[in-house]
Amino acid sequence: VFAAVQMAPRDPILGLNEQFAADPNPAKVNLGVGVYFDDNGKLPVLDCVAAAEKQLLEASKPKGYLPIDGIAAYDKAVQGLVFGAGSEVLRAGRVATVQALGGTGGLKVGADLLKKLNPGARVLISDPSWENHRALFTNAGFEVSTYPYYDAPTRGIRFDAMLAALKAAPAGTIVVLHACCHNPTGCDLTPAQWTEVVAACQAAGLVPFLDMAYQGFGEGIAEDGAVIGQFVASGLQFLVSTSFSKSFSLYGERVGALSVVCADRDETTRVLSQLKIVIRTNYSNPPTFGAQLVATVLTTPALRAQWEEELAGMRLRIRAMRASLVEKLAAAGVPGDLSYITRQKGMFSYSGLSAEQMQRLRSEFGVYGVDSGRICVAALNSKNLDAVAAAIAKVA
Ligand code: PLP
Ligand code: TYF
């Protein structure tokens with residue numbers, strides 16, 4: 001059975017980790033994978049998470065199966081975060097939310113549901129997008145193409161072209177949108193541009209699928225989630241995947257969710273029943289621990305306040321790193337307007353460096369970024385910044 005199996009290409013981002021681990025250069029810096037490190041280069045354990053963990057371990061609960069759609073208190077807390085606690089759409093019972101294995105799991109459960117409901121639909125992702133979007137939706141059986149997004153010359157967004165592509169898409173097309181902190185470019189739509197995107201989706205009868213992997217890393221929890229309110233207000237039906245990998249620094253616990261906004265309570269009940277079939281036939285039911293941690297933090301006022309503060313700390317440290325990077329690059333003699341670095345939102349900077357320049361950064365300086373030119377600003381710190389800026393200046 002396996003004799004003819006061909007070697008699959010490795011993930012362009014996660015594959016870099018293996019290359020990084022094997023590099024003997026003592027000065028190596030990993031700016032490849034999108035992970036937040038603190039100023040000491042360590043993966044943080046948030047204080048709010050440590051406190052919740054302590055509580056849970058002391059209580060030492062039995063480890064039974066969870067319901068197929070996950071912990072009810074967790075799903076409810078996710079809904080509050082994404083749609084606003086007590087919001088009209090929640091009170092009307094119009095949102096089906098299920099716990100998922102990270103944001104990726106939320107995307108996959110949503111993709112499988114949509115494939116059952118509308119097998120002929122096409123999927124549009126941004127050009128460029130997170131590498132896994134194309135692979136995930138292709139694997140779920142969809143034909144995937146792109147809508148224009150990044151504009152290299154202005155380091156901005158080809159907004160008119162994007163809008164035109166959405167308006168021209170056939171009804172029923174699934175359009176994957178980054179809710180905030182676009183990966184990989186860091187270029188986000190303004191609220192006014194979102195209004196036009198929502199209207200275009202509505203006019204063309206599209207099915208928006210919002211990927212929210214970085215809520216709180218752009219402008220703030222509420223600010224980054226505001227786009228959801230715009231879609232709700234339009235009356236459209238849409239999907240939202242949520243990831244807590246970054247915002248709780250819980251990468252390996254695989255904590256995420258999928259929310260589906262439906263027309264009414266009855267439709268929501270039916271959609272939820274179908275989501276449960278997707279889950280049951282894939283992995284039966286989700287794991288307990290990570291979602292318990294997040295539910296505990298989100299529903300305990302003191303821990304919730306602590307989380308918001310710690311998330312703000314991560315957001316502000318990334319911003320400070322952006323400002324310092326601009327300063328150091330300018331000081332190292334990199335010419336031109338570098339203000340795009342501080343304009344970009346979230347964990348990444350799309351540097352504009354070519355694949356060849358990125359490869360030189362790796363081989364000559366031990367600075368690992370993605371060949372697309374993406375670097376993870378959230379992995380910069382006060383100790384590695386000088387070396388990174390000097391290396392970029394040498395290849396730029
Ligand atoms: N979507 C985007 C845009 C991402 O950048 C990531 C990053 O990890 C994910 C989804 C997946 O998140 P998770 O690790 O929670 O599956
Ligand atoms: O873009 C990133 O770096 C993160 C992490 O297959 C990631 O989103 C990268 C690739 C992948 C899964 C997660």
# chains A, B, ... in the order shown; residues from 1 in each chain; ligands from 1
call {"tool": "residues_near_ligand", "arguments": {"ligand": "ligand 2", "cutoff": "9 Å", "atoms": "only C-alpha atoms and all ligand atoms", "output": "list in words"}}
result
Asp11, Pro12, Ile13, Leu14, Gly15, Gly32, Val33, Gly34, Val35, Thr104, Trp130, Glu131, Asn132, Asn183, Pro184, Ala213, Phe348, Val370 and Cys376 of chain A
call {"tool": "residues_near_ligand", "arguments": {"ligand": "ligand 1", "cutoff": "7 Å", "atoms": "only C-alpha atoms and all ligand atoms", "output": "PyMOL selection string"}}
result
chain A and resi 34+101-105+130+178+182-183+211-213+243-245+251+254-256
call {"tool": "write_last_selection", "arguments": {"atoms": "C-alpha atoms", "output": "mmCIF file, in the first residue's frame"}}
result
data_model
loop_
_atom_site.group_PDB
_atom_site.id
_atom_site.type_symbol
_atom_site.label_atom_id
_atom_site.label_comp_id
_atom_site.auth_asym_id
_atom_site.auth_seq_id
_atom_site.Cartn_x
_atom_site.Cartn_y
_atom_site.Cartn_z
ATOM 1 C CA GLY A 34 4.019 33.110 14.317
ATOM 2 C CA LEU A 101 -9.013 22.113 18.099
ATOM 3 C CA GLY A 102 -7.466 25.544 17.785
ATOM 4 C CA GLY A 103 -8.390 28.036 15.101
ATOM 5 C CA THR A 104 -7.370 25.477 12.484
ATOM 6 C CA GLY A 105 -9.921 23.056 13.907
ATOM 7 C CA TRP A 130 -1.971 32.141 5.688
ATOM 8 C CA HIS A 178 -8.854 37.807 8.225
ATOM 9 C CA HIS A 182 -3.735 39.908 8.525
ATOM 10 C CA ASN A 183 -1.320 36.999 8.213
ATOM 11 C CA ASP A 211 -10.719 33.864 10.653
ATOM 12 C CA MET A 212 -9.966 35.505 13.980
ATOM 13 C CA ALA A 213 -6.641 34.144 15.207
ATOM 14 C CA SER A 243 -8.106 30.806 18.108
ATOM 15 C CA PHE A 244 -6.760 31.269 21.628
ATOM 16 C CA SER A 245 -3.339 29.909 20.720
ATOM 17 C CA TYR A 251 -0.546 26.902 21.388
ATOM 18 C CA ARG A 254 -5.358 23.442 20.861
ATOM 19 C CA VAL A 255 -8.050 25.802 22.085
ATOM 20 C CA GLY A 256 -10.352 27.360 19.520
#
call {"tool": "residues_around", "arguments": {"residues": "A:Leu258", "least_positions_apart": "5", "cutoff": "6 Å", "atoms": "only C-alpha atoms", "output": "PyMOL selection string"}}
result
chain A and resi 97-98+106+240-241
call {"tool": "select_by_dssp", "arguments": {"residues": "stretch 253-324 of chain A", "states": "strand (DSSP E)", "output": "PyMOL selection string"}}
result
chain A and resi 255-261
call {"tool": "select_by_dssp", "arguments": {"residues": "stretch 254-382 of chain A", "states": "alpha helix (DSSP H)", "output": "ChimeraX atom specification"}}
result
/A:265-280,289-299,301-331,340-343,355-365
call {"tool": "write_last_selection", "arguments": {"atoms": "C-alpha atoms", "output": "PDB file, in the first residue's frame"}}
result
ATOM      1  CA  ARG A 265     -33.134  30.108  16.581  1.00  0.00           C
ATOM      2  CA  ASP A 266     -34.596  27.145  14.741  1.00  0.00           C
ATOM      3  CA  GLU A 267     -32.001  27.307  11.988  1.00  0.00           C
ATOM      4  CA  THR A 268     -29.280  27.559  14.651  1.00  0.00           C
ATOM      5  CA  THR A 269     -30.488  24.348  16.303  1.00  0.00           C
ATOM      6  CA  ARG A 270     -30.392  22.499  13.002  1.00  0.00           C
ATOM      7  CA  VAL A 271     -26.947  23.870  12.105  1.00  0.00           C
ATOM      8  CA  LEU A 272     -25.606  22.875  15.521  1.00  0.00           C
ATOM      9  CA  SER A 273     -26.873  19.318  14.992  1.00  0.00           C
ATOM     10  CA  GLN A 274     -24.931  19.156  11.699  1.00  0.00           C
ATOM     11  CA  LEU A 275     -21.797  20.598  13.290  1.00  0.00           C
ATOM     12  CA  LYS A 276     -21.969  17.812  15.853  1.00  0.00           C
ATOM     13  CA  ILE A 277     -22.010  15.209  13.076  1.00  0.00           C
ATOM     14  CA  VAL A 278     -18.920  16.778  11.504  1.00  0.00           C
ATOM     15  CA  ILE A 279     -17.153  16.648  14.860  1.00  0.00           C
ATOM     16  CA  ARG A 280     -18.323  13.175  15.825  1.00  0.00           C
ATOM     17  CA  PHE A 289      -7.957  20.976  29.730  1.00  0.00           C
ATOM     18  CA  GLY A 290      -7.219  23.983  27.524  1.00  0.00           C
ATOM     19  CA  ALA A 291     -10.858  24.960  27.148  1.00  0.00           C
ATOM     20  CA  GLN A 292     -11.330  24.654  30.933  1.00  0.00           C
ATOM     21  CA  LEU A 293      -8.445  27.061  31.413  1.00  0.00           C
ATOM     22  CA  VAL A 294      -9.848  29.606  28.968  1.00  0.00           C
ATOM     23  CA  ALA A 295     -13.397  29.264  30.332  1.00  0.00           C
ATOM     24  CA  THR A 296     -12.112  29.757  33.887  1.00  0.00           C
ATOM     25  CA  VAL A 297     -10.174  32.887  32.928  1.00  0.00           C
ATOM     26  CA  LEU A 298     -12.964  34.405  30.841  1.00  0.00           C
ATOM     27  CA  THR A 299     -15.667  33.809  33.471  1.00  0.00           C
ATOM     28  CA  PRO A 301     -13.753  38.600  36.750  1.00  0.00           C
ATOM     29  CA  ALA A 302     -10.340  38.998  38.412  1.00  0.00           C
ATOM     30  CA  LEU A 303      -8.668  36.547  36.003  1.00  0.00           C
ATOM     31  CA  ARG A 304     -10.443  38.096  33.054  1.00  0.00           C
ATOM     32  CA  ALA A 305      -9.107  41.536  34.007  1.00  0.00           C
ATOM     33  CA  GLN A 306      -5.638  40.053  34.411  1.00  0.00           C
ATOM     34  CA  TRP A 307      -5.866  38.433  30.958  1.00  0.00           C
ATOM     35  CA  GLU A 308      -6.876  41.692  29.318  1.00  0.00           C
ATOM     36  CA  GLU A 309      -3.894  43.367  30.940  1.00  0.00           C
ATOM     37  CA  GLU A 310      -1.489  40.622  29.905  1.00  0.00           C
ATOM     38  CA  LEU A 311      -2.818  40.629  26.348  1.00  0.00           C
ATOM     39  CA  ALA A 312      -2.385  44.408  26.239  1.00  0.00           C
ATOM     40  CA  GLY A 313       1.172  43.859  27.442  1.00  0.00           C
ATOM     41  CA  MET A 314       1.884  41.548  24.499  1.00  0.00           C
ATOM     42  CA  ARG A 315       0.264  43.978  22.063  1.00  0.00           C
ATOM     43  CA  LEU A 316       2.271  46.929  23.393  1.00  0.00           C
ATOM     44  CA  ARG A 317       5.552  45.027  23.418  1.00  0.00           C
ATOM     45  CA  ILE A 318       5.074  44.128  19.756  1.00  0.00           C
ATOM     46  CA  ARG A 319       4.383  47.790  19.001  1.00  0.00           C
ATOM     47  CA  ALA A 320       7.517  48.840  20.854  1.00  0.00           C
ATOM     48  CA  MET A 321       9.527  46.290  18.844  1.00  0.00           C
ATOM     49  CA  ARG A 322       8.124  47.717  15.605  1.00  0.00           C
ATOM     50  CA  ALA A 323       9.187  51.236  16.599  1.00  0.00           C
ATOM     51  CA  SER A 324      12.657  50.062  17.662  1.00  0.00           C
ATOM     52  CA  LEU A 325      13.092  48.060  14.465  1.00  0.00           C
ATOM     53  CA  VAL A 326      12.362  51.177  12.394  1.00  0.00           C
ATOM     54  CA  GLU A 327      14.906  53.156  14.427  1.00  0.00           C
ATOM     55  CA  LYS A 328      17.621  50.513  14.209  1.00  0.00           C
ATOM     56  CA  LEU A 329      17.109  49.888  10.496  1.00  0.00           C
ATOM     57  CA  ALA A 330      17.328  53.616   9.778  1.00  0.00           C
ATOM     58  CA  ALA A 331      20.433  53.885  11.955  1.00  0.00           C
ATOM     59  CA  TYR A 340       5.010  50.651   7.014  1.00  0.00           C
ATOM     60  CA  ILE A 341       6.560  48.610   9.817  1.00  0.00           C
ATOM     61  CA  THR A 342       4.692  50.559  12.485  1.00  0.00           C
ATOM     62  CA  ARG A 343       1.521  50.764  10.370  1.00  0.00           C
ATOM     63  CA  ALA A 355      13.146  34.976  -1.150  1.00  0.00           C
ATOM     64  CA  GLU A 356      16.815  35.266  -2.039  1.00  0.00           C
ATOM     65  CA  GLN A 357      17.367  37.952   0.608  1.00  0.00           C
ATOM     66  CA  MET A 358      15.488  35.854   3.188  1.00  0.00           C
ATOM     67  CA  GLN A 359      17.723  32.882   2.347  1.00  0.00           C
ATOM     68  CA  ARG A 360      20.824  35.054   2.808  1.00  0.00           C
ATOM     69  CA  LEU A 361      19.476  36.168   6.188  1.00  0.00           C
ATOM     70  CA  ARG A 362      19.307  32.509   7.203  1.00  0.00           C
ATOM     71  CA  SER A 363      22.557  31.227   5.774  1.00  0.00           C
ATOM     72  CA  GLU A 364      24.808  34.225   6.523  1.00  0.00           C
ATOM     73  CA  PHE A 365      23.270  35.594   9.718  1.00  0.00           C
TER      74      PHE A 365
END
call {"tool": "closest_residue", "arguments": {"among": "A:Cys187, A:Leu113, A:Val1, A:Ala169", "to": "A:Pro128", "atoms": "only C-alpha atoms"}}
result
A:Cys187
call {"tool": "closest_residue", "arguments": {"among": "A:Met347, A:Thr185, A:Ala379, A:Ile392", "to": "A:Gly333", "atoms": "only C-alpha atoms"}}
result
A:Ile392
call {"tool": "atom_distance", "arguments": {"atom1": "atom CA of A:Ala387", "atom2": "atom CA of A:Ala27"}}
result
8.5 Å
call {"tool": "closest_residue", "arguments": {"among": "A:Ala396, A:Leu56, A:Leu124, A:Ala161", "to": "A:Gly373", "atoms": "only C-alpha atoms"}}
result
A:Ala396
call {"tool": "closest_residue", "arguments": {"among": "A:Pro170, A:Gly346, A:Pro286, A:Gly93", "to": "A:Lys63", "atoms": "only C-alpha atoms"}}
result
A:Pro286
call {"tool": "residues_around", "arguments": {"residues": "A:Gly80", "least_positions_apart": "6", "cutoff": "12 Å", "atoms": "only C-alpha atoms", "output": "list in words"}}
result
Ala73, Tyr74, Gly86, Ser87, Glu88, Val89, Leu90, Arg91, Val95, Thr97, Ile221, Ala222, Gly225, Ile228, Ser259, Ala295, Leu298 and Thr299 of chain A
call {"tool": "residues_around", "arguments": {"residues": "A:Arg374", "least_positions_apart": "5", "cutoff": "6 Å", "atoms": "only C-alpha atoms", "output": "VMD selection string"}}
result
chain A and resid 349 to 351
call {"tool": "closest_residue", "arguments": {"among": "A:Gly70, A:Leu163, A:Gly235, A:Ala226", "to": "A:Tyr283", "atoms": "only C-alpha atoms"}}
result
A:Gly70
call {"tool": "closest_residue", "arguments": {"among": "A:Thr288, A:Ser372, A:Gln215, A:Ser354", "to": "A:Leu66", "atoms": "only C-alpha atoms"}}
result
A:Thr288
call {"tool": "atom_distance", "arguments": {"atom1": "atom CA of A:Val261", "atom2": "atom CA of A:Thr300"}}
result
26.3 Å
